[in-house]
file model08.cif (mmCIF, C-alpha atoms)
data_my_file
loop_
_atom_site.label_atom_id
_atom_site.label_comp_id
_atom_site.auth_asym_id
_atom_site.auth_seq_id
_atom_site.Cartn_x
_atom_site.Cartn_y
_atom_site.Cartn_z
CA MET A 1 89.16 78.50 116.86
CA PRO A 2 89.44 82.11 115.65
CA ASP A 3 91.50 82.81 112.56
CA ILE A 4 94.91 84.33 113.08
CA PRO A 5 94.72 87.94 111.93
CA CYS A 6 97.17 89.47 109.52
CA GLU A 7 98.89 92.37 111.31
CA ALA A 8 100.74 93.92 108.40
CA GLU A 9 100.68 93.44 104.66
CA GLY A 10 101.75 94.84 101.35
CA ALA A 11 101.60 94.26 97.60
CA HIS A 12 104.15 94.92 94.92
CA ILE A 13 104.61 94.68 91.21
CA ILE A 14 108.03 94.04 89.75
CA LEU A 15 108.95 94.24 86.08
CA VAL A 16 112.24 93.11 84.60
CA GLY A 17 113.41 94.71 81.38
CA HIS A 18 115.02 97.97 80.32
CA PHE A 19 113.94 101.20 81.90
CA ASN A 20 114.96 104.83 81.95
CA PRO A 21 114.97 105.57 85.70
CA SER A 22 115.21 109.34 85.45
CA ILE A 23 111.69 109.52 84.00
CA PHE A 24 110.14 108.13 87.15
CA GLN A 25 109.69 111.27 89.19
CA PRO A 26 106.68 112.17 91.32
CA ALA A 27 106.18 115.37 89.30
CA TRP A 28 106.06 113.38 86.05
CA LEU A 29 103.44 111.03 87.49
CA ALA A 30 101.34 113.97 88.71
CA ALA A 31 101.73 115.82 85.40
CA HIS A 32 100.14 112.81 83.70
CA ASP A 33 97.46 112.62 86.39
CA LEU A 34 98.61 109.20 87.58
CA ILE A 35 98.91 110.31 91.21
CA ARG A 36 97.41 113.27 93.05
CA LYS A 37 99.34 116.52 92.88
CA GLU A 38 99.64 116.73 96.68
CA GLU A 39 101.02 113.19 96.76
CA ALA A 40 103.71 114.26 94.32
CA GLU A 41 104.48 117.38 96.35
CA ALA A 42 104.74 115.39 99.59
CA ALA A 43 106.85 112.62 98.06
CA LYS A 44 110.17 111.91 99.72
CA ILE A 45 112.76 111.54 97.03
CA GLN A 46 115.71 109.33 97.85
CA VAL A 47 117.44 109.32 94.49
CA ILE A 48 116.57 110.56 91.04
CA ALA A 49 119.41 109.92 88.63
CA SER A 50 120.08 108.23 85.34
CA GLU A 51 120.96 104.95 87.12
CA VAL A 52 118.25 104.84 89.74
CA ALA A 53 115.06 106.54 90.82
CA SER A 54 113.64 105.94 94.25
CA PHE A 55 110.94 107.79 96.13
CA THR A 56 108.13 107.20 98.56
CA SER A 57 104.81 108.93 98.79
CA ASP A 58 101.95 108.53 101.23
CA TRP A 59 100.98 105.03 100.11
CA LEU A 60 103.49 104.30 97.37
CA SER A 61 107.14 103.37 97.04
CA LEU A 62 108.78 103.30 93.65
CA VAL A 63 112.28 102.07 92.89
CA VAL A 64 113.49 101.91 89.29
CA THR A 65 116.88 100.88 88.03
CA ASP A 66 117.88 100.33 84.41
CA ASP A 67 116.80 96.70 84.57
CA LYS A 68 114.07 96.64 87.19
CA PHE A 69 110.88 98.51 88.02
CA GLN A 70 109.41 98.01 91.51
CA ALA A 71 106.20 99.58 92.78
CA LEU A 72 104.87 98.70 96.19
CA THR A 73 102.36 99.70 98.78
CA ASN A 74 101.93 98.66 102.38
CA ASP A 75 98.40 100.01 102.44
CA PRO A 76 95.78 97.38 101.48
CA SER A 77 93.29 100.11 100.59
CA HIS A 78 95.62 101.08 97.73
CA TYR A 79 96.16 97.72 96.03
CA GLU A 80 93.93 98.63 93.09
CA PRO A 81 95.45 102.13 92.71
CA LEU A 82 98.89 100.46 92.67
CA ARG A 83 97.82 98.24 89.77
CA ASP A 84 96.26 101.23 87.98
CA LEU A 85 99.42 103.25 88.46
CA VAL A 86 101.57 100.59 86.80
CA LEU A 87 99.04 100.14 83.99
CA GLY A 88 98.92 103.91 83.53
CA ILE A 89 102.69 104.33 83.45
CA PHE A 90 103.16 101.69 80.78
CA LEU A 91 100.22 102.91 78.75
CA LEU A 92 102.16 106.15 78.49
CA LEU A 93 105.54 104.45 78.06
CA GLU A 94 104.14 101.84 75.73
CA HIS A 95 107.44 101.05 74.03
CA THR A 96 109.29 100.16 77.22
CA PRO A 97 110.65 96.64 76.77
CA PHE A 98 110.07 94.17 79.59
CA GLU A 99 109.41 90.45 79.53
CA LYS A 100 108.99 89.40 83.15
CA MET A 101 106.55 90.44 85.81
CA GLY A 102 106.03 89.52 89.44
CA ILE A 103 102.70 90.08 91.15
CA ASN A 104 103.59 89.82 94.80
CA ARG A 105 102.04 90.01 98.24
CA ASP A 106 103.52 90.05 101.73
CA MET A 107 101.56 89.16 104.84
CA HIS A 108 102.70 89.16 108.46
CA PHE A 109 100.84 87.19 111.09
CA ARG A 110 101.34 86.78 114.82
CA MET A 111 101.04 83.24 116.14
CA PRO A 112 99.19 83.19 119.47
CA THR A 113 101.98 81.36 121.31
CA GLU A 114 105.66 80.70 120.87
CA GLU A 115 104.86 77.00 120.85
CA ALA A 116 102.50 77.46 117.90
CA TRP A 117 105.15 79.56 116.14
CA HIS A 118 107.69 76.72 116.45
CA GLN A 119 105.09 74.16 115.46
CA LEU A 120 104.43 75.95 112.20
CA GLY A 121 108.16 75.85 111.48
CA HIS A 122 108.28 72.12 112.31
CA LEU A 123 105.24 71.46 110.13
CA LEU A 124 106.84 73.14 107.13
CA THR A 125 110.36 71.81 107.74
CA PRO A 126 110.56 68.65 109.87
CA LYS A 127 113.76 68.70 111.93
CA GLU A 128 114.48 64.97 112.37
CA LEU A 129 117.13 64.98 109.67
CA TRP A 130 118.84 68.01 111.13
CA ARG A 131 118.97 67.08 114.81
CA SER A 132 121.93 64.77 114.30
CA HIS A 133 123.93 67.68 112.89
CA LEU A 134 122.60 70.80 114.60
CA GLU A 135 121.57 71.79 118.09
CA LYS A 136 118.12 73.39 118.16
CA PRO A 137 117.63 73.51 114.39
CA GLY A 138 115.18 76.22 113.44
CA MET A 139 113.56 77.21 110.21
CA GLU A 140 114.88 80.50 108.89
CA SER A 141 113.31 80.45 105.46
CA ILE A 142 111.51 78.08 103.17
CA THR A 143 110.37 78.61 99.59
CA ILE A 144 107.97 76.35 97.72
CA GLY A 145 107.07 76.81 94.08
CA GLY A 146 104.34 75.54 91.79
CA SER A 147 101.62 76.59 89.41
CA PRO A 148 98.55 78.20 90.91
CA LYS A 149 95.25 76.65 89.90
CA HIS A 150 93.84 79.90 88.53
CA ALA A 151 96.88 80.65 86.32
CA PRO A 152 98.63 77.42 85.28
CA ASP A 153 100.90 79.35 82.89
CA SER A 154 102.52 81.26 85.72
CA HIS A 155 104.79 80.14 88.52
CA LEU A 156 103.88 80.85 92.12
CA ARG A 157 106.57 80.93 94.76
CA VAL A 158 105.64 81.03 98.43
CA LYS A 159 108.19 82.00 101.04
CA VAL A 160 107.71 81.59 104.77
CA GLU A 161 110.06 83.15 107.31
CA PRO A 162 110.01 84.59 110.80
CA SER A 163 108.58 88.08 110.43
CA THR A 164 110.82 91.07 110.92
CA ARG A 165 107.85 93.42 111.25
CA VAL A 166 105.64 91.54 113.68
CA LYS A 167 107.36 90.47 116.87
CA PRO A 168 107.34 88.27 118.83
CA CYS A 169 106.09 85.07 117.18
CA GLY A 170 105.55 86.73 113.81
CA VAL A 171 105.31 84.77 110.59
CA TYR A 172 105.99 86.29 107.20
CA VAL A 173 104.36 84.72 104.15
CA GLY A 174 105.43 86.20 100.83
CA THR A 175 104.00 85.15 97.49
CA ASN A 176 105.57 85.83 94.11
CA GLN A 177 103.51 85.07 91.04
CA HIS A 178 105.93 85.15 88.16
CA HIS A 179 104.75 85.77 84.60
CA GLN A 180 106.88 85.72 81.52
CA ALA A 181 106.14 86.77 77.95
CA SER A 182 108.20 87.03 74.81
CA GLY A 183 108.23 88.78 71.47
CA PRO A 184 107.76 92.40 70.53
CA ASP A 185 104.35 92.41 72.23
CA ALA A 186 105.63 91.02 75.56
CA ALA A 187 105.13 94.17 77.62
CA ARG A 188 101.58 94.58 76.37
CA GLN A 189 100.81 90.92 77.12
CA LEU A 190 102.06 91.36 80.67
CA MET A 191 99.97 94.48 81.18
CA VAL A 192 96.88 92.59 80.01
CA ILE A 193 97.69 89.90 82.59
CA LEU A 194 98.15 92.56 85.26
CA ARG A 195 94.83 94.17 84.41
CA GLU A 196 92.89 90.92 84.23
CA LYS A 197 94.59 88.72 86.84
CA TRP A 198 95.50 91.18 89.59
CA GLN A 199 92.36 90.70 91.61
CA THR A 200 92.45 86.91 91.39
CA SER A 201 96.17 86.79 92.15
CA GLN A 202 95.84 88.95 95.24
CA GLU A 203 92.88 86.99 96.52
CA TYR A 204 94.62 83.67 95.86
CA ALA A 205 97.72 84.87 97.71
CA ARG A 206 95.66 86.06 100.66
CA VAL A 207 93.69 82.83 100.99
CA LEU A 208 96.81 80.70 100.57
CA SER A 209 98.75 82.65 103.21
CA GLU A 210 95.88 82.65 105.69
CA ASN A 211 95.18 78.94 105.18
CA LEU A 212 98.83 78.07 105.65
CA VAL A 213 99.11 79.90 108.95
CA ASN A 214 95.72 78.81 110.26
CA GLU A 215 96.31 75.17 109.32
CA GLY A 216 99.66 75.36 111.07
CA TYR A 217 98.01 76.70 114.19
CA ARG A 218 95.20 74.14 114.08
CA ARG A 219 97.72 71.31 113.90
CA ALA A 220 99.79 72.89 116.65
CA ILE A 221 96.94 72.92 119.14
CA ASN A 222 95.86 69.40 118.17
CA SER A 223 99.32 67.92 118.52
CA MET B 224 111.30 78.79 113.60
CA GLN B 225 114.38 80.79 114.32
CA SER B 226 115.00 84.49 113.78
CA THR B 227 118.42 85.44 112.54
CA VAL B 228 120.16 88.59 113.56
CA SER B 229 123.22 89.07 111.45
CA ARG B 230 122.73 87.70 108.02
CA TYR B 231 120.98 88.62 104.84
CA GLU B 232 120.56 85.84 102.35
CA PRO B 233 121.34 86.62 98.75
CA ARG B 234 119.01 85.64 95.98
CA GLN B 235 120.09 82.24 94.83
CA ASP B 236 118.89 82.11 91.27
CA ARG B 237 117.62 84.37 88.57
CA SER B 238 114.22 82.75 88.52
CA GLU B 239 113.36 84.71 91.63
CA GLU B 240 114.07 88.03 90.06
CA THR B 241 110.48 89.24 90.09
CA SER B 242 110.08 88.60 93.78
CA TYR B 243 110.84 91.41 96.13
CA PRO B 244 113.53 90.62 98.66
CA SER B 245 111.95 89.48 101.85
CA PRO B 246 112.08 92.09 104.60
CA LEU B 247 115.63 92.64 105.70
CA ARG B 248 116.62 91.05 108.88
CA PRO B 249 118.41 93.06 111.51
CA ALA B 250 121.86 93.39 110.07
CA SER B 251 125.08 94.05 111.83
CA ALA B 252 128.60 94.19 110.54
CA HIS B 253 131.70 96.23 111.08
CA GLY B 254 130.15 97.84 114.13
CA TYR B 255 127.13 99.08 112.20
CA GLU B 256 123.81 97.77 113.25
CA LEU B 257 120.34 98.60 112.12
CA ALA B 258 118.33 100.03 114.95
CA GLU B 259 115.22 98.48 113.52
CA PRO B 260 114.92 96.46 110.35
CA GLU B 261 111.81 98.50 109.55
CA GLU B 262 114.02 101.54 109.13
CA VAL B 263 115.30 100.34 105.81
CA GLY B 264 114.51 102.92 103.19
CA ALA B 265 115.20 101.50 99.80
CA ILE B 266 116.52 98.28 98.44
CA ILE B 267 118.15 98.10 95.08
CA LEU B 268 119.31 94.97 93.36
CA SER B 269 121.98 95.20 90.73
CA GLU B 270 121.96 92.42 88.26
CA GLY B 271 124.96 90.10 88.17
CA LYS B 272 126.58 91.63 91.18
CA GLU B 273 123.94 90.29 93.56
CA ALA B 274 124.28 93.47 95.50
CA VAL B 275 121.73 94.76 97.89
CA SER B 276 121.92 98.41 98.67
CA PHE B 277 119.98 100.07 101.36
CA TRP B 278 120.05 103.25 103.28
CA THR B 279 118.94 103.97 106.72
CA SER B 280 118.86 107.00 108.90
CA SER B 281 119.06 104.97 112.05
CA TRP B 282 122.23 103.01 112.30
CA ARG B 283 122.80 102.55 115.99
CA ASN B 284 126.04 104.47 115.84
CA GLY B 285 124.22 107.40 114.27
CA ALA B 286 125.79 107.14 110.83
CA ASN B 287 123.95 107.28 107.58
CA GLY B 288 125.37 104.71 105.29
CA HIS B 289 125.31 102.67 102.18
CA ALA B 290 125.53 98.94 102.66
CA GLU B 291 126.40 96.46 100.01
CA PHE B 292 126.07 92.75 100.24
CA SER B 293 128.10 90.47 98.09
CA GLY B 294 126.38 87.17 97.44
CA ALA B 295 129.61 85.58 96.28
CA SER B 296 131.66 86.36 99.37
CA GLY B 297 128.84 86.57 101.85
CA ASN B 298 130.29 89.76 103.25
CA PHE B 299 128.72 93.04 104.11
CA THR B 300 130.65 96.15 103.32
CA ILE B 301 129.33 99.32 104.78
CA SER B 302 130.59 102.78 104.11
CA PRO B 303 129.35 106.32 104.52
CA ILE B 304 127.10 107.34 101.68
CA SER B 305 129.08 106.32 98.65
CA LEU B 306 126.58 105.58 95.98
CA PRO B 307 127.66 105.95 92.40
CA VAL B 308 124.77 108.35 92.02
CA GLN B 309 123.81 111.58 93.69
CA VAL B 310 121.81 111.14 96.84
CA ASP B 311 119.42 114.01 97.23
CA ARG B 312 118.24 113.05 100.63
CA VAL B 313 118.63 110.15 102.97
CA PRO B 314 115.28 108.40 102.73
CA GLN B 315 112.88 107.79 105.49
CA GLN B 316 111.26 104.44 105.94
CA HIS B 317 108.53 103.63 103.45
CA LEU B 318 106.43 101.95 106.09
CA PRO B 319 103.42 104.05 106.97
CA GLN B 320 103.06 105.63 110.41
CA HIS B 321 99.52 104.34 110.46
CA ARG B 322 98.03 101.34 108.79
CA PHE B 323 94.70 100.65 107.24
CA LEU B 324 92.74 97.57 108.14
CA VAL B 325 90.29 97.00 105.34
CA LEU B 326 86.90 95.68 106.39
CA GLN B 327 85.28 95.97 103.00
CA LYS B 328 86.18 97.41 99.63
CA TRP B 329 84.13 98.14 96.56
CA GLU B 330 84.78 99.23 93.02
CA GLY B 331 82.18 101.73 91.83
CA THR B 332 81.20 103.22 88.51
CA VAL B 333 79.47 106.59 88.53
CA SER B 334 76.10 106.30 86.81
CA ALA B 335 74.59 109.72 87.45
CA LEU B 336 75.37 113.08 88.97
CA LYS B 337 72.76 114.90 91.01
CA GLU B 338 74.54 118.18 91.36
CA GLN B 339 71.58 120.00 92.89
CA GLU B 340 71.39 117.44 95.66
CA LYS B 341 75.21 117.40 95.84
CA GLU B 342 75.16 113.65 95.36
CA PHE B 343 76.16 111.08 92.80
CA VAL B 344 74.79 107.64 92.09
CA ALA B 345 77.06 104.68 91.40
CA VAL B 346 76.89 100.97 90.74
CA ILE B 347 79.20 99.32 93.25
CA ARG B 348 80.80 95.88 93.16
CA ASP B 349 82.05 94.26 96.34
CA LEU B 350 85.74 93.35 95.96
CA THR B 351 85.92 91.47 99.26
CA GLN B 352 82.99 89.12 98.75
CA THR B 353 81.10 87.73 95.79
CA ARG B 354 77.82 89.58 95.75
CA SER B 355 75.60 91.02 93.10
CA ASP B 356 76.15 94.65 92.13
CA GLU B 357 74.33 97.28 94.10
CA GLU B 358 73.39 100.87 93.50
CA ALA B 359 74.41 103.46 96.06
CA THR B 360 74.21 107.22 96.47
CA PHE B 361 77.17 109.17 97.83
CA PRO B 362 77.47 112.79 98.92
CA ILE B 363 79.89 114.61 96.62
CA GLU B 364 81.65 116.00 99.70
CA GLU B 365 82.94 112.47 100.38
CA ILE B 366 85.26 112.87 97.40
CA PRO B 367 88.65 114.40 98.19
CA ASP B 368 89.19 117.80 96.55
CA SER B 369 91.99 116.43 94.41
CA ASP B 370 89.67 113.84 92.86
CA ARG B 371 86.64 116.10 92.25
CA ASP B 372 87.68 116.80 88.64
CA LEU B 373 87.47 113.09 87.93
CA LEU B 374 83.80 112.84 88.93
CA ALA B 375 81.82 112.16 85.78
CA PRO B 376 79.43 109.47 84.58
CA GLY B 377 81.44 106.36 83.78
CA ALA B 378 84.29 107.24 86.15
CA VAL B 379 85.57 104.37 88.27
CA PHE B 380 86.42 104.72 91.94
CA TYR B 381 87.43 102.56 94.90
CA TRP B 382 85.59 102.79 98.18
CA ASN B 383 87.33 101.39 101.24
CA VAL B 384 85.78 101.05 104.66
CA GLY B 385 87.95 100.00 107.55
CA TYR B 386 89.96 101.03 110.53
CA GLU B 387 92.96 103.29 110.51
CA LEU B 388 95.35 102.21 113.24
CA ASN B 389 97.91 104.67 114.50
CA SER B 390 101.24 103.71 116.04
CA TYR B 391 99.61 103.67 119.51
CA GLY B 392 97.11 101.06 118.37
CA GLN B 393 94.19 103.46 118.41
CA ARG B 394 91.50 102.66 115.85
CA LYS B 395 89.53 105.16 113.85
CA ARG B 396 86.72 104.11 111.55
CA VAL B 397 87.43 105.42 108.05
CA SER B 398 85.54 105.52 104.76
CA ALA B 399 87.74 106.57 101.84
CA ILE B 400 86.99 107.12 98.18
CA ARG B 401 89.68 107.30 95.55
CA PHE B 402 89.04 107.70 91.84
CA ARG B 403 90.89 105.61 89.30
CA ARG B 404 93.55 107.47 87.35
CA LEU B 405 94.38 106.05 83.98
CA PRO B 406 95.69 107.99 81.00
CA ALA B 407 93.72 108.21 77.80
CA TRP B 408 94.19 105.29 75.44
CA THR B 409 97.18 105.51 73.16
CA ARG B 410 96.96 105.37 69.41
CA SER B 411 98.34 101.82 69.33
CA GLU B 412 95.82 100.69 71.98
CA ILE B 413 92.99 102.11 69.89
CA GLU B 414 94.46 100.49 66.80
CA SER B 415 94.70 97.17 68.66
CA VAL B 416 91.04 97.39 69.73
CA ARG B 417 90.05 98.30 66.19
CA ARG B 418 91.88 95.23 64.85
CA THR B 419 90.14 93.02 67.43
CA ALA B 420 86.78 94.48 66.45
CA GLU B 421 87.52 93.80 62.79
CA ARG B 422 88.44 90.22 63.66
CA PHE B 423 85.16 89.71 65.52
CA LYS B 424 83.24 91.28 62.67
CA GLY B 425 84.86 88.72 60.38
CA ILE B 426 83.97 85.86 62.73
CA PHE B 427 80.33 86.94 62.91
CA GLY B 428 80.12 87.70 59.19
CA LEU B 429 79.49 91.40 59.70
CA ASN B 430 82.06 92.57 57.16
CA ALA B 431 79.67 92.34 54.20
CA GLN B 432 78.01 95.64 53.29
CA PRO B 433 74.24 95.70 53.82
CA GLN B 434 72.52 95.21 50.44
CA SER B 435 70.72 98.55 50.46
CA ALA B 436 73.93 100.38 51.24
CA ALA B 437 75.79 98.45 48.55
CA ARG B 438 73.22 99.48 45.97
CA ALA B 439 73.46 103.09 46.93
#

call {"tool": "encode", "arguments": {"input": "model08.cif", "output": "structure tokens"}}
result
Amino acid sequence: MPDIPCEAEGAHIILVGHFNPSIFQPAWLAAHDLIRKEEAEAAKIQVIASEVASFTSDWLSLVVTDDKFQALTNDPSHYEPLRDLVLGIFLLLEHTPFEKMGINRDMHFRMPTEEAWHQLGHLLTPKELWRSHLEKPGMESITIGGSPKHAPDSHLRVKVEPSTRVKPCGVYVGTNQHHQASGPDAARQLMVILREKWQTSQEYARVLSENLVNEGYRRAINS
Amino acid sequence: MQSTVSRYEPRQDRSEETSYPSPLRPASAHGYELAEPEEVGAIILSEGKEAVSFWTSSWRNGANGHAEFSGASGNFTISPISLPVQVDRVPQQHLPQHRFLVLQKWEGTVSALKEQEKEFVAVIRDLTQTRSDEEATFPIEEIPDSDRDLLAPGAVFYWNVGYELNSYGQRKRVSAIRFRRLPAWTRSEIESVRRTAERFKGIFGLNAQPQSAARA
């Protein structure tokens, strides 16, 4: 049985703390050599203001508010540059206070048949309990949390939903690995985690997502 | 499974605040409807208010708008652009027009430049499979112009080989090199490394002056 291929994916890093959004401009990133000059020039700026900064470049989207920093890419060839960009930014802005970090990955798969798509939903959320209350109950979203084996100090949340990007029969699997630190050194601790755990986290998320979907399909065709 | 067409679920607790909102579902309210959920440009969460803001250039009725979702009431309110901040431009979607399907990726470290041969030598590490490091030679012309200044012994780069798929599903084999961009270490980073080194010196008993030096 061939594995079900991932048709679209992305990775993002989210920090929660206190930020100064107006700093986060493409020109500032290019001036510090964190992105290429032509990427900065081609960036599409949505908003740059004291409350929010939001722009997209070729491979990068950045949204910063006063309490949240979000960097994401939908290009898997730029996962490492995304990590480096965030590390680079907060090497420069080393006194920025933040205490929470999410290392996240989204993957979208297409189940080979509608039957298999429903079966995966039934596998994750059995419907027996619901059938006495609802006609045609269907899974819209499920989130499961726990500690990943490679990072027992963090919390991993896995969300499965029908995909909005891959249709028909698309399955979205999103993983959120949440890290928290405290004290005056919290931001630096989180950046060390990002530098050292990024690769493992991304690989763990990929294998988990693929296994989940493939196991669902295997059970669907055996049922 | 069941796809929904008219509802966006709010975040339910603060513990999820480092997860990105899952892709927006097709939303419709007050006669506004997203042409495609992929058209969403930016999503901003405001703490406490549980608001989700997003812009799109492709509402089916042709309007550009600002939508706000209230988790408490479960209602969408949509108005013409009415952000409390200046909007320079209505954003385009951040989804790429083409996508890259990675077949293999490596991290490389430049070990030598052979400028006469217009080549450089690097030690490369496979990031997609566990393999031992290899040495490889690359033509300098493979490096994009904007990264040429970064080529030096010790520089780190990423080498991706895969397919670029355009919106028509056509595949093009691509090999792409991108050099790592990290700023120089800050004073506090250097100080932190120095402290760590001092600690290790203490652990290994290297703090004592050599006898000959002490005599001098």

call {"tool": "atom_distance", "arguments": {"input": "model08.cif", "atom1": "CA of His12 (chain A)", "atom2": "CA of Trp117 (chain A)"}}
result
26.2 Å

call {"tool": "interface_residues", "arguments": {"input": "model08.cif", "of": "chain A", "to": "chain B", "cutoff": "7 Å", "atoms": "all atoms listed in the file", "output": "MDAnalysis selection string"}}
result
chainID A and resid 14:16 33:34 36 44:47 49 56 61 74:77 81 84 88 91 101:102 104 117:118 121 138:140 162 164:165 176 178

call {"tool": "residues_around", "arguments": {"input": "model08.cif", "residues": "region 192-207 of chain A", "least_positions_apart": "4", "cutoff": "8 Å", "atoms": "only C-alpha atoms", "output": "ChimeraX atom specification"}}
result
/A:83,87,103-105,107,150,175,177,188,211

call {"tool": "atom_distance", "arguments": {"input": "model08.cif", "atom1": "CA of Thr353 (chain B)", "atom2": "CA of Ala375 (chain B)"}}
result
26.4 Å

call {"tool": "resolve_selection", "arguments": {"input": "model08.cif", "expression": "the PyMOL selection byres ((chain B and resi 332) around 12)", "output": "PyMOL selection string"}}
result
chain B and resi 329-331+333-336+343-349+356-361+373-382+400-403

call {"tool": "atom_distance", "arguments": {"input": "model08.cif", "atom1": "CA of Asp3 (chain A)", "atom2": "CA of Cys169 (chain A)"}}
result
15.5 Å

call {"tool": "resolve_selection", "arguments": {"input": "model08.cif", "expression": "the PyMOL selection byres ((chain A and resi 111) around 12)", "output": "PyMOL selection string"}}
result
(chain A and resi 2-7+108-110+112-121+162-163+166-172+210+212-218+220-221) or (chain B and resi 224)
